[in-house]
file model-v1.cif (mmCIF, C-alpha atoms and all ligand atoms)
data_start
#
loop_
_atom_site.label_atom_id
_atom_site.label_comp_id
_atom_site.auth_asym_id
_atom_site.auth_seq_id
_atom_site.Cartn_x
_atom_site.Cartn_y
_atom_site.Cartn_z
CA MET A 1299 90.66 162.49 85.31
CA ASN A 1300 92.80 164.01 82.53
CA GLY A 1301 96.21 163.36 84.04
CA PRO A 1302 98.11 162.66 87.19
CA SER A 1303 97.02 164.72 90.18
CA VAL A 1304 100.50 164.75 91.73
CA SER A 1305 103.84 165.45 90.15
CA TYR A 1306 106.12 162.64 89.06
CA SER A 1307 108.57 161.40 91.71
CA PRO A 1308 111.17 158.97 90.31
CA GLY A 1309 111.30 155.84 92.46
CA LEU A 1310 108.21 157.20 94.27
CA GLU A 1311 110.57 159.14 96.53
CA GLY A 1312 108.62 161.01 99.20
CA VAL A 1313 105.27 159.73 97.93
CA ILE A 1314 102.83 158.62 100.65
CA ALA A 1315 101.53 155.39 99.13
CA GLY A 1316 99.38 154.17 102.00
CA LYS A 1317 98.68 154.22 105.73
CA THR A 1318 100.23 151.90 108.27
CA ALA A 1319 100.09 151.30 112.01
CA ILE A 1320 102.93 148.77 111.89
CA SER A 1321 106.10 150.87 112.07
CA THR A 1322 107.65 154.30 111.77
CA VAL A 1323 110.83 154.80 109.77
CA GLY A 1324 112.79 158.03 110.02
CA LYS A 1325 109.81 160.02 111.36
CA LYS A 1326 110.82 163.09 113.35
CA GLY A 1327 110.57 162.45 117.08
CA LYS A 1328 109.67 158.79 116.57
CA GLY A 1329 112.69 157.11 114.97
CA LEU A 1330 112.32 153.44 114.17
CA ASN A 1331 109.44 151.87 116.09
CA TYR A 1332 107.49 148.65 115.64
CA ARG A 1333 103.88 149.28 116.74
CA GLY A 1334 105.15 152.03 119.04
CA TYR A 1335 108.09 150.14 120.57
CA SER A 1336 111.62 151.40 119.97
CA ILE A 1337 113.85 149.16 117.91
CA TYR A 1338 116.58 149.61 120.52
CA ASP A 1339 114.41 148.23 123.33
CA LEU A 1340 113.24 145.36 121.18
CA ALA A 1341 116.73 144.43 119.93
CA GLU A 1342 118.15 144.52 123.44
CA GLN A 1343 115.36 143.06 125.53
CA ALA A 1344 113.00 141.06 123.35
CA ALA A 1345 113.30 137.77 121.45
CA PHE A 1346 112.51 137.52 117.74
CA GLU A 1347 109.41 135.43 118.49
CA GLU A 1348 108.02 138.25 120.67
CA VAL A 1349 108.59 140.69 117.83
CA ALA A 1350 107.00 138.37 115.25
CA HIS A 1351 103.98 138.07 117.56
CA LEU A 1352 103.88 141.85 117.97
CA LEU A 1353 103.99 142.44 114.22
CA ILE A 1354 101.73 139.65 113.00
CA HIS A 1355 99.30 139.31 115.90
CA GLY A 1356 99.27 142.99 116.84
CA ARG A 1357 100.67 143.09 120.38
CA LEU A 1358 103.48 141.87 122.61
CA PRO A 1359 102.66 138.44 124.04
CA THR A 1360 102.38 137.66 127.76
CA THR A 1361 104.75 134.99 129.10
CA GLY A 1362 102.10 132.33 128.62
CA GLU A 1363 101.30 133.51 125.12
CA LEU A 1364 104.98 133.60 124.18
CA ASP A 1365 105.49 130.02 125.40
CA ALA A 1366 102.46 128.92 123.41
CA TYR A 1367 103.63 130.85 120.34
CA ARG A 1368 107.11 129.32 120.50
CA ALA A 1369 105.56 125.87 120.85
CA ARG A 1370 103.28 126.52 117.87
CA LEU A 1371 106.16 127.70 115.68
CA LYS A 1372 108.25 124.71 116.78
CA GLY A 1373 105.45 122.41 115.66
CA LEU A 1374 105.39 124.03 112.21
CA ARG A 1375 109.00 123.30 111.21
CA GLY A 1376 108.37 120.04 109.35
CA LEU A 1377 107.96 120.08 105.56
CA PRO A 1378 105.36 118.18 103.51
CA GLU A 1379 106.85 115.27 101.49
CA GLY A 1380 105.78 116.96 98.24
CA LEU A 1381 107.79 120.05 99.08
CA LYS A 1382 110.85 117.96 99.90
CA ARG A 1383 110.60 116.38 96.43
CA VAL A 1384 110.41 119.86 94.86
CA LEU A 1385 113.50 120.97 96.83
CA GLU A 1386 115.35 117.84 95.73
CA GLN A 1387 114.63 118.69 92.08
CA LEU A 1388 115.97 122.24 92.23
CA PRO A 1389 119.55 122.61 90.92
CA ALA A 1390 122.38 122.51 93.45
CA ALA A 1391 123.70 125.70 91.85
CA ALA A 1392 120.44 127.64 92.29
CA HIS A 1393 120.63 130.84 94.33
CA PRO A 1394 119.18 130.22 97.82
CA MET A 1395 116.79 133.16 97.33
CA ASP A 1396 115.38 131.48 94.23
CA VAL A 1397 114.99 128.31 96.27
CA LEU A 1398 112.97 130.16 98.91
CA ARG A 1399 110.87 131.93 96.29
CA THR A 1400 110.05 128.62 94.62
CA ALA A 1401 109.49 126.77 97.89
CA CYS A 1402 107.09 129.45 99.13
CA SER A 1403 105.10 129.26 95.93
CA ALA A 1404 105.08 125.45 95.98
CA LEU A 1405 103.92 125.34 99.62
CA GLY A 1406 101.01 127.53 98.56
CA THR A 1407 99.79 124.76 96.26
CA MET A 1408 100.13 122.10 98.98
CA GLU A 1409 98.76 124.01 101.95
CA PRO A 1410 96.45 126.52 100.25
CA GLU A 1411 94.86 129.42 102.01
CA GLY A 1412 91.20 128.76 102.65
CA GLU A 1413 89.09 126.53 104.80
CA GLY A 1414 90.91 125.63 108.00
CA ARG A 1415 93.95 127.74 107.14
CA ASP A 1416 93.62 131.48 107.55
CA GLN A 1417 96.14 134.25 106.93
CA TYR A 1418 97.50 134.14 110.50
CA ALA A 1419 98.11 130.39 110.25
CA ILE A 1420 100.00 130.86 106.98
CA ALA A 1421 102.08 133.72 108.38
CA ASP A 1422 103.12 131.56 111.36
CA ARG A 1423 103.80 128.59 109.09
CA LEU A 1424 106.13 130.66 106.91
CA VAL A 1425 107.91 132.21 109.91
CA ALA A 1426 108.49 128.70 111.25
CA SER A 1427 109.45 126.88 108.08
CA PHE A 1428 111.62 129.09 105.83
CA PRO A 1429 114.85 127.91 107.55
CA SER A 1430 113.72 124.29 107.09
CA MET A 1431 113.09 124.84 103.37
CA LEU A 1432 116.50 126.40 102.79
CA LEU A 1433 118.50 123.89 104.80
CA TYR A 1434 116.66 120.81 103.51
CA TRP A 1435 117.64 121.92 99.99
CA HIS A 1436 121.18 122.87 101.09
CA HIS A 1437 122.03 119.60 102.85
CA PHE A 1438 120.38 117.47 100.17
CA HIS A 1439 122.61 118.95 97.50
CA ALA A 1440 125.78 119.77 99.45
CA GLY A 1441 126.02 116.54 101.45
CA GLY A 1442 123.49 114.18 99.85
CA LYS A 1443 121.51 114.09 103.11
CA ALA A 1444 117.72 114.35 103.50
CA ILE A 1445 117.80 116.03 106.92
CA ASP A 1446 115.17 116.03 109.62
CA THR A 1447 114.07 119.67 109.77
CA GLU A 1448 112.84 119.54 113.37
CA THR A 1449 115.12 120.54 116.24
CA ASP A 1450 114.69 121.08 119.99
CA GLU A 1451 115.87 124.70 119.72
CA ASP A 1452 113.23 127.07 121.11
CA SER A 1453 114.28 130.06 119.03
CA LEU A 1454 114.23 130.43 115.27
CA ALA A 1455 117.81 131.74 115.41
CA GLY A 1456 118.99 128.65 117.30
CA HIS A 1457 116.98 126.36 115.03
CA PHE A 1458 118.52 127.82 111.87
CA LEU A 1459 122.09 127.67 113.21
CA PHE A 1460 121.55 124.12 114.49
CA LEU A 1461 120.22 122.93 111.12
CA LEU A 1462 123.04 124.72 109.30
CA HIS A 1463 125.95 123.39 111.36
CA GLY A 1464 124.42 120.17 112.70
CA SER A 1465 125.22 121.05 116.31
CA LYS A 1466 124.07 123.37 119.07
CA PRO A 1467 125.16 126.92 118.25
CA ALA A 1468 127.32 129.10 120.49
CA GLU A 1469 125.01 131.27 122.61
CA LEU A 1470 126.79 134.44 121.43
CA HIS A 1471 126.08 133.55 117.80
CA ARG A 1472 122.48 132.66 118.55
CA ARG A 1473 121.91 135.93 120.39
CA MET A 1474 123.50 137.96 117.60
CA LEU A 1475 121.25 136.30 115.04
CA ASP A 1476 118.19 136.77 117.23
CA ALA A 1477 118.92 140.51 117.51
CA SER A 1478 119.60 140.69 113.78
CA LEU A 1479 116.26 139.04 112.99
CA ILE A 1480 114.57 141.70 115.12
CA LEU A 1481 116.38 144.49 113.28
CA TYR A 1482 115.45 143.01 109.89
CA ALA A 1483 111.86 142.13 110.79
CA GLU A 1484 110.08 145.26 109.59
CA HIS A 1485 110.77 148.54 107.80
CA GLU A 1486 107.57 150.23 106.57
CA PHE A 1487 107.14 150.68 102.79
CA ASN A 1488 110.50 149.32 101.62
CA ALA A 1489 110.56 147.82 98.10
CA SER A 1490 109.75 144.21 99.04
CA THR A 1491 107.00 145.14 101.49
CA PHE A 1492 105.51 147.52 98.96
CA SER A 1493 105.66 144.73 96.41
CA ALA A 1494 103.82 142.43 98.85
CA ARG A 1495 101.16 145.09 99.38
CA VAL A 1496 100.73 145.74 95.65
CA THR A 1497 100.22 142.03 95.04
CA ALA A 1498 97.93 141.70 98.08
CA SER A 1499 95.86 144.61 96.77
CA THR A 1500 94.64 142.50 93.84
CA LEU A 1501 93.30 139.96 96.40
CA PRO A 1502 95.23 136.80 95.48
CA ASP A 1503 96.22 134.23 98.12
CA PHE A 1504 98.73 135.05 100.88
CA TYR A 1505 101.57 133.06 99.28
CA ALA A 1506 101.36 135.11 96.06
CA ALA A 1507 102.12 138.30 97.95
CA VAL A 1508 105.03 136.71 99.86
CA THR A 1509 106.48 135.23 96.66
CA SER A 1510 106.45 138.71 95.07
CA ALA A 1511 108.21 140.09 98.12
CA ILE A 1512 110.96 137.46 98.04
CA GLY A 1513 111.63 138.21 94.37
CA THR A 1514 111.89 141.91 95.15
CA LEU A 1515 114.15 141.42 98.15
CA ARG A 1516 116.68 139.42 96.16
CA GLY A 1517 118.21 142.35 94.24
CA PRO A 1518 121.51 143.95 95.33
CA LEU A 1519 119.88 147.37 95.82
CA HIS A 1520 117.67 145.84 98.55
CA GLY A 1521 118.26 142.61 100.52
CA GLY A 1522 121.04 141.36 98.30
CA ALA A 1523 123.24 144.20 99.57
CA ASN A 1524 124.41 142.16 102.60
CA GLU A 1525 125.94 139.52 100.30
CA GLU A 1526 127.57 142.23 98.18
CA ALA A 1527 128.94 143.94 101.31
CA MET A 1528 130.59 140.64 102.32
CA LYS A 1529 132.22 140.28 98.90
CA LEU A 1530 133.52 143.83 99.31
CA ILE A 1531 135.07 143.51 102.76
CA THR A 1532 136.73 140.16 102.07
CA ARG A 1533 138.58 141.72 99.12
CA PHE A 1534 140.81 143.59 101.57
CA ARG A 1535 143.35 142.15 104.01
CA SER A 1536 143.93 145.34 106.00
CA PRO A 1537 142.33 148.74 106.67
CA GLU A 1538 145.04 150.43 104.56
CA GLU A 1539 144.30 148.17 101.60
CA ALA A 1540 140.58 148.87 102.11
CA GLU A 1541 141.16 152.63 102.05
CA ARG A 1542 143.11 152.45 98.79
CA GLY A 1543 140.60 150.06 97.23
CA LEU A 1544 137.63 152.18 98.24
CA LEU A 1545 139.15 155.36 96.85
CA ASP A 1546 139.76 153.56 93.54
CA MET A 1547 136.18 152.30 93.45
CA LEU A 1548 134.79 155.73 94.20
CA ALA A 1549 137.00 157.27 91.49
CA ARG A 1550 135.45 154.77 89.07
CA LYS A 1551 132.01 155.89 90.37
CA GLU A 1552 131.19 152.38 91.60
CA LYS A 1553 128.36 151.86 94.09
CA ILE A 1554 129.44 150.63 97.49
CA MET A 1555 126.93 148.07 98.69
CA GLY A 1556 125.72 148.40 102.27
CA PHE A 1557 125.81 152.22 102.17
CA GLY A 1558 123.11 154.78 101.58
CA HIS A 1559 119.39 154.66 102.12
CA ARG A 1560 116.35 156.21 100.51
CA VAL A 1561 114.85 157.36 103.82
CA TYR A 1562 117.85 157.73 106.14
CA LYS A 1563 120.04 160.56 104.97
CA GLU A 1564 121.89 160.39 108.28
CA ALA A 1565 122.78 157.16 110.11
CA ASP A 1566 120.58 154.08 109.82
CA PRO A 1567 119.56 153.54 113.48
CA ARG A 1568 119.91 149.77 113.12
CA SER A 1569 123.53 149.99 112.05
CA ARG A 1570 125.02 150.78 115.44
CA VAL A 1571 123.28 147.77 117.02
CA ILE A 1572 124.57 145.26 114.48
CA LYS A 1573 127.98 146.95 114.44
CA GLU A 1574 128.32 146.25 118.16
CA TRP A 1575 127.43 142.60 117.58
CA SER A 1576 130.01 142.41 114.82
CA ARG A 1577 132.63 143.79 117.20
CA ARG A 1578 131.66 141.30 119.91
CA LEU A 1579 131.85 138.32 117.56
CA GLY A 1580 135.22 139.51 116.23
CA GLU A 1581 136.58 139.81 119.78
CA ALA A 1582 135.25 136.35 120.69
CA ALA A 1583 136.90 134.89 117.58
CA GLY A 1584 140.15 136.72 118.37
CA ASP A 1585 140.18 138.15 114.85
CA MET A 1586 139.30 141.79 114.31
CA THR A 1587 140.41 141.98 110.65
CA LEU A 1588 136.94 142.06 109.11
CA PHE A 1589 135.76 144.57 111.70
CA ALA A 1590 138.76 146.84 111.20
CA VAL A 1591 138.37 146.70 107.41
CA SER A 1592 134.66 147.46 107.76
CA GLU A 1593 135.29 150.40 110.08
CA ARG A 1594 137.82 151.89 107.66
CA ILE A 1595 135.34 151.55 104.78
CA GLU A 1596 132.76 153.32 106.97
CA GLU A 1597 135.23 156.16 107.66
CA VAL A 1598 136.13 156.57 103.99
CA MET A 1599 132.48 156.60 102.89
CA LEU A 1600 131.60 159.23 105.46
CA ARG A 1601 134.59 161.40 104.61
CA GLU A 1602 134.34 161.10 100.82
CA LYS A 1603 130.59 160.74 100.19
CA ARG A 1604 128.76 161.66 103.41
CA LEU A 1605 127.13 158.23 103.18
CA TYR A 1606 126.41 156.04 106.22
CA PRO A 1607 126.31 152.25 106.49
CA ASN A 1608 122.86 150.71 106.42
CA LEU A 1609 121.87 147.56 108.33
CA ASP A 1610 123.32 145.32 105.64
CA PHE A 1611 126.91 146.49 106.02
CA TYR A 1612 127.86 145.23 109.50
CA SER A 1613 125.43 142.32 109.20
CA ALA A 1614 127.86 140.88 106.67
CA SER A 1615 130.82 140.48 109.07
CA ALA A 1616 128.55 139.45 111.96
CA TYR A 1617 126.95 136.66 109.89
CA HIS A 1618 130.30 135.54 108.52
CA LEU A 1619 131.72 135.24 112.02
CA ALA A 1620 128.72 133.09 113.00
CA GLY A 1621 129.65 130.70 110.17
CA ILE A 1622 126.74 131.60 107.88
CA PRO A 1623 127.65 131.16 104.19
CA THR A 1624 127.45 134.42 102.20
CA SER A 1625 124.81 133.04 99.81
CA MET A 1626 122.49 132.57 102.82
CA PHE A 1627 122.69 136.19 104.03
CA THR A 1628 119.68 137.39 102.02
CA PRO A 1629 117.62 134.30 102.93
CA VAL A 1630 118.23 135.16 106.61
CA PHE A 1631 116.68 138.54 105.80
CA VAL A 1632 113.63 136.59 104.52
CA PHE A 1633 113.41 134.61 107.80
CA ALA A 1634 113.04 137.95 109.59
CA ARG A 1635 111.10 140.11 107.13
CA ILE A 1636 108.36 137.51 106.68
CA ALA A 1637 107.03 138.89 109.98
CA GLY A 1638 106.80 142.42 108.55
CA TRP A 1639 105.51 141.29 105.15
CA SER A 1640 102.78 139.25 106.85
CA ALA A 1641 101.72 142.17 109.02
CA HIS A 1642 101.52 144.40 105.93
CA ILE A 1643 99.54 141.87 103.86
CA ILE A 1644 97.06 141.53 106.73
CA GLU A 1645 96.86 145.33 107.09
CA GLN A 1646 96.43 145.85 103.33
CA ARG A 1647 93.60 143.33 103.19
CA ALA A 1648 91.82 144.96 106.12
CA ASP A 1649 91.42 148.26 104.24
CA ASN A 1650 92.12 147.47 100.62
CA ARG A 1651 92.13 149.51 97.47
CA ILE A 1652 93.95 148.15 94.44
CA PHE A 1653 97.25 149.90 93.65
CA ARG A 1654 97.06 151.39 90.20
CA PRO A 1655 99.18 154.50 89.68
CA VAL A 1656 99.61 156.25 86.33
CA ALA A 1657 102.64 156.90 84.14
CA GLU A 1658 103.92 159.99 82.41
CA TYR A 1659 103.82 159.12 78.72
CA VAL A 1660 107.11 159.71 76.87
CA GLY A 1661 106.41 157.69 73.70
CA PRO A 1662 105.60 158.80 70.11
CA GLU A 1663 102.68 161.04 69.20
CA PRO A 1664 99.62 159.31 67.69
CA MET A 1665 100.31 158.29 64.08
CA ALA A 1666 98.60 156.46 61.24
CA PHE A 1667 98.78 152.66 61.25
CA VAL A 1668 100.60 151.26 58.21
CA PRO A 1669 99.32 147.83 57.06
CA ILE A 1670 102.06 145.17 56.97
CA GLY A 1671 102.16 144.97 53.16
CA GLU A 1672 102.86 148.70 52.82
CA ARG A 1673 105.72 148.90 55.35
CA GLY A 1674 108.54 148.38 52.85
N1 LIG A 1701 127.74 154.05 96.95
C1 LIG A 1701 128.12 155.13 96.22
N2 LIG A 1701 127.31 156.15 95.95
C2 LIG A 1701 126.05 156.08 96.41
C3 LIG A 1701 125.59 155.02 97.17
C4 LIG A 1701 126.49 153.97 97.44
N3 LIG A 1701 126.11 152.92 98.16
N4 LIG A 1701 124.31 155.21 97.52
C5 LIG A 1701 123.96 156.39 96.99
N5 LIG A 1701 125.02 156.92 96.32
C6 LIG A 1701 125.03 158.19 95.61
C7 LIG A 1701 124.29 158.06 94.30
O1 LIG A 1701 125.12 157.64 93.25
C8 LIG A 1701 123.77 159.44 94.11
O2 LIG A 1701 124.81 160.26 93.62
P1 LIG A 1701 124.54 161.33 92.47
O3 LIG A 1701 123.56 162.30 93.07
O4 LIG A 1701 125.89 161.89 92.22
O5 LIG A 1701 123.96 160.56 91.33
C9 LIG A 1701 123.46 159.91 95.51
O6 LIG A 1701 124.31 159.15 96.37
C10 LIG A 1701 122.00 159.72 95.90
O7 LIG A 1701 121.66 158.34 95.81
P2 LIG A 1701 120.38 157.77 95.08
O8 LIG A 1701 120.80 156.71 94.09
O9 LIG A 1701 119.51 158.86 94.58
O10 LIG A 1701 119.67 157.06 96.27
P3 LIG A 1701 118.33 156.21 96.18
O11 LIG A 1701 117.48 156.69 97.28
O12 LIG A 1701 117.75 156.18 94.82
O13 LIG A 1701 118.86 154.73 96.48
C11 LIG A 1701 119.85 152.98 97.71
C12 LIG A 1701 119.00 154.24 97.77
C13 LIG A 1701 119.84 152.28 99.05
C14 LIG A 1701 119.25 152.01 96.66
C15 LIG A 1701 121.29 153.37 97.30
O14 LIG A 1701 121.86 154.17 98.33
C16 LIG A 1701 122.15 152.15 97.03
O15 LIG A 1701 122.13 151.64 95.90
N6 LIG A 1701 122.91 151.66 98.05
C17 LIG A 1701 123.69 150.47 97.89
C18 LIG A 1701 122.81 149.23 97.99
C19 LIG A 1701 122.37 148.98 99.41
O16 LIG A 1701 123.15 149.01 100.34
N7 LIG A 1701 121.08 148.66 99.54
C20 LIG A 1701 120.49 148.33 100.82
C21 LIG A 1701 119.54 149.40 101.26
S1 LIG A 1701 118.98 149.12 102.91
#

call {"tool": "encode", "arguments": {"input": "model-v1.cif", "output": "structure tokens", "more": "lines below"}}
Ligand code: COA
result
Amino acid sequence: MNGPSVSYSPGLEGVIAGKTAISTVGKKGKGLNYRGYSIYDLAEQAAFEEVAHLLIHGRLPTTGELDAYRARLKGLRGLPEGLKRVLEQLPAAAHPMDVLRTACSALGTMEPEGEGRDQYAIADRLVASFPSMLLYWHHFHAGGKAIDTETDEDSLAGHFLFLLHGSKPAELHRRMLDASLILYAEHEFNASTFSARVTASTLPDFYAAVTSAIGTLRGPLHGGANEEAMKLITRFRSPEEAERGLLDMLARKEKIMGFGHRVYKEADPRSRVIKEWSRRLGEAAGDMTLFAVSERIEEVMLREKRLYPNLDFYSASAYHLAGIPTSMFTPVFVFARIAGWSAHIIEQRADNRIFRPVAEYVGPEPMAFVPIGERG
């Protein structure tokens, strides 16, 4: 081959980089589906554990299978002593995403993939234990407590909120988080999933691919946008202040986090679901300030830039109202997306070819080498 066979597409926009049977994103006539099921049906009628089973194990579980799956996940929430020691050593000021990235990598050395532990077992283990890793580290450093990471909560959403607050969560908050985990669980070839697939394509262990994905998710252009959206909306005390502030930011050509999407040029289908949850939590709290500020920002962005909110935007106010600290917003994304990443790693391995694209060379023309003594 003398050169690239396709033209250069910055950011790989529009490039088909692989095949998948896991989800459709923005496909005409299909919308957003996980293995053929509409995101709206799943977010309204399913539980996150059903969706994780669908993505990782390939189909919706029966009632018996779901009970067994929940029980299995519940039994995988404890952490090995060695991992607790690692979490204790990490700085209190570390970013929670860096904690998860490190914890995932460390777990891979303690519970390696191989004999007696296949890729499905590791996927389930990570689905079950990411909240434990984060909150063991959090409580150890914030309150000096080595917490028990097992709870009686059947759902991952309830388990996380229980470990975070130390008490049974309000059902409204638990249901919001459960729906949010479903919305965040999978999204085709987004940057972190692509990163997981690129790493998986070189055939390392499962944890290596997940660790790559966590690192990729952390940035503000991807998962980190929900934290940035929260910082934005809490700057304003009223919709009027938000309007003025937004217009100033746009005049300075600043990026507004939580808006825009590479694939969705119209509305992100997930946004209206989480927006409704944000409204419900605001009403229950008797405080609609964050919601009203968010809605005004949405109006201004549509009017001024024709840009729509993505899933991250209304997730920010919904999470805040459920008492989740802003620095844990992107880790919550990890708790959900591990289901999608796992499904993609498994799919990549089943029909693998190493990813190795080419670059357009823009460097100097070939020139004579000058020995070090003659360089002046
Ligand atoms: N705020 C202000 N302007 C934005 C914007 C935003 N959030 N998102 C896109 N734009 C503008 C770009 O500046 C660009 O304008 P230009 O043509 O005048 O240069 C135009 O819209 C096209 O955007 P582009 O940067 O080409 O989109 P992309 O496909 O490369 O990037 C995102 C997509 C998601 C990374 C981008 O929209 C973004 O950075 N959004 C904010 C971060 C975010 O919410 N990420 C979560 C994604 S789910």

call {"tool": "axis_aligned_box", "arguments": {"input": "model-v1.cif", "around": "stretch 1430-1448 of chain A", "padding_each_side": "3 Å", "output": "AutoDock Vina command-line options"}}
result
--center_x 119.4 --center_y 120.2 --center_z 105.4 --size_x 19.2 --size_y 18.3 --size_z 21.9

call {"tool": "residues_around", "arguments": {"input": "model-v1.cif", "residues": "A:Pro1378", "least_positions_apart": "3", "cutoff": "8 Å", "atoms": "only C-alpha atoms", "output": "MDAnalysis selection string"}}
result
chainID A and resid 1381:1382 1408

call {"tool": "write_last_selection", "arguments": {"input": "model-v1.cif", "atoms": "C-alpha atoms", "output": "tab-separated table (two decimals), in the coordinates of the input"}}
result
chain	number	residue	atom	x	y	z
A	1381	LEU	CA	107.79	120.05	99.08
A	1382	LYS	CA	110.85	117.96	99.90
A	1408	MET	CA	100.13	122.10	98.98

call {"tool": "closest_atom_pairs", "arguments": {"input": "model-v1.cif", "of": "stretch 1482-1522 of chain A", "to": "stretch 1545-1557 of chain A", "cutoff": "9 Å", "atoms": "only C-alpha atoms", "output": "CSV"}}
result
residue,atom,partner,partner_atom,distance
A:Pro1518,CA,A:Met1555,CA,7.6
A:Leu1519,CA,A:Met1555,CA,7.6
A:Gly1522,CA,A:Met1555,CA,8.9

call {"tool": "residues_near_ligand", "arguments": {"input": "model-v1.cif", "ligand": "ligand LIG 1701 (chain A)", "cutoff": "10 Å", "atoms": "all atoms listed in the file", "output": "ChimeraX atom specification"}}
result
/A:1308-1311,1482,1485,1488-1489,1515,1517-1527,1547-1548,1551-1563,1566,1599,1602-1611

call {"tool": "residues_near_point", "arguments": {"input": "model-v1.cif", "point": "(96.5, 144.1, 116.1)", "cutoff": "10 Å", "atoms": "all atoms listed in the file", "output": "list in words"}}
result
Ala1319, Ile1320, Arg1333, His1351, Leu1352, Leu1353, Ile1354, His1355, Gly1356, Arg1357, Leu1358, Ala1641, Ile1644 and Glu1645 of chain A

call {"tool": "atom_distance", "arguments": {"input": "model-v1.cif", "atom1": "atom CA of A:Ile1512", "atom2": "atom CA of A:Ser1490"}}
result
6.9 Å

call {"tool": "atom_distance", "arguments": {"input": "model-v1.cif", "atom1": "atom CA of A:Leu1501", "atom2": "atom CA of A:Ala1419"}}
result
17.5 Å

call {"tool": "residues_around", "arguments": {"input": "model-v1.cif", "residues": "A:Ser1625", "least_positions_apart": "6", "cutoff": "9 Å", "atoms": "all atoms listed in the file", "output": "PyMOL selection string"}}
result
chain A and resi 1393-1395+1525

call {"tool": "closest_residue", "arguments": {"input": "model-v1.cif", "among": "A:Asn1650, A:Phe1438, A:Ala1511, A:Glu1593", "to": "A:Thr1491", "atoms": "all atoms listed in the file"}}
result
A:Ala1511

call {"tool": "closest_residue", "arguments": {"input": "model-v1.cif", "among": "A:Glu1363, A:Glu1386, A:Glu1663, A:Glu1574", "to": "A:Gly1442", "atoms": "only C-alpha atoms"}}
result
A:Glu1386

call {"tool": "build_atoms", "arguments": {"input": "model-v1.cif", "residues": "stretch 1607-1611 of chain A", "atoms": "all heavy atoms", "output": "PDB file, in the frame of the given file"}}
result
ATOM      1  N   PRO A1607     126.652 153.662 106.719  1.00  0.00           N
ATOM      2  CA  PRO A1607     126.310 152.250 106.490  1.00  0.00           C
ATOM      3  C   PRO A1607     124.844 152.000 106.823  1.00  0.00           C
ATOM      4  O   PRO A1607     124.310 152.595 107.750  1.00  0.00           O
ATOM      5  CB  PRO A1607     127.228 151.494 107.453  1.00  0.00           C
ATOM      6  CG  PRO A1607     127.610 152.474 108.511  1.00  0.00           C
ATOM      7  CD  PRO A1607     127.557 153.826 107.874  1.00  0.00           C
ATOM      8  N   ASN A1608     124.205 151.151 106.041  1.00  0.00           N
ATOM      9  CA  ASN A1608     122.860 150.710 106.420  1.00  0.00           C
ATOM     10  C   ASN A1608     122.984 149.371 107.161  1.00  0.00           C
ATOM     11  O   ASN A1608     124.096 148.872 107.370  1.00  0.00           O
ATOM     12  CB  ASN A1608     121.945 150.646 105.183  1.00  0.00           C
ATOM     13  CG  ASN A1608     122.548 149.803 104.070  1.00  0.00           C
ATOM     14  OD1 ASN A1608     122.959 148.680 104.309  1.00  0.00           O
ATOM     15  ND2 ASN A1608     122.616 150.374 102.862  1.00  0.00           N
ATOM     16  N   LEU A1609     121.849 148.791 107.515  1.00  0.00           N
ATOM     17  CA  LEU A1609     121.870 147.560 108.330  1.00  0.00           C
ATOM     18  C   LEU A1609     122.681 146.446 107.674  1.00  0.00           C
ATOM     19  O   LEU A1609     123.305 145.628 108.347  1.00  0.00           O
ATOM     20  CB  LEU A1609     120.408 147.101 108.560  1.00  0.00           C
ATOM     21  CG  LEU A1609     120.187 145.757 109.248  1.00  0.00           C
ATOM     22  CD1 LEU A1609     120.854 145.711 110.612  1.00  0.00           C
ATOM     23  CD2 LEU A1609     118.685 145.476 109.387  1.00  0.00           C
ATOM     24  N   ASP A1610     122.663 146.421 106.332  1.00  0.00           N
ATOM     25  CA  ASP A1610     123.320 145.320 105.640  1.00  0.00           C
ATOM     26  C   ASP A1610     124.835 145.290 105.825  1.00  0.00           C
ATOM     27  O   ASP A1610     125.447 144.230 105.739  1.00  0.00           O
ATOM     28  CB  ASP A1610     123.018 145.389 104.133  1.00  0.00           C
ATOM     29  CG  ASP A1610     121.554 145.137 103.854  1.00  0.00           C
ATOM     30  OD1 ASP A1610     120.984 144.270 104.532  1.00  0.00           O
ATOM     31  OD2 ASP A1610     120.975 145.812 102.988  1.00  0.00           O
ATOM     32  N   PHE A1611     125.441 146.443 106.052  1.00  0.00           N
ATOM     33  CA  PHE A1611     126.910 146.490 106.020  1.00  0.00           C
ATOM     34  C   PHE A1611     127.553 145.674 107.146  1.00  0.00           C
ATOM     35  O   PHE A1611     128.323 144.754 106.902  1.00  0.00           O
ATOM     36  CB  PHE A1611     127.392 147.938 106.030  1.00  0.00           C
ATOM     37  CG  PHE A1611     128.877 148.019 105.809  1.00  0.00           C
ATOM     38  CD1 PHE A1611     129.437 147.589 104.619  1.00  0.00           C
ATOM     39  CD2 PHE A1611     129.712 148.507 106.793  1.00  0.00           C
ATOM     40  CE1 PHE A1611     130.807 147.631 104.408  1.00  0.00           C
ATOM     41  CE2 PHE A1611     131.089 148.558 106.596  1.00  0.00           C
ATOM     42  CZ  PHE A1611     131.637 148.116 105.402  1.00  0.00           C
TER      43      PHE A1611
END
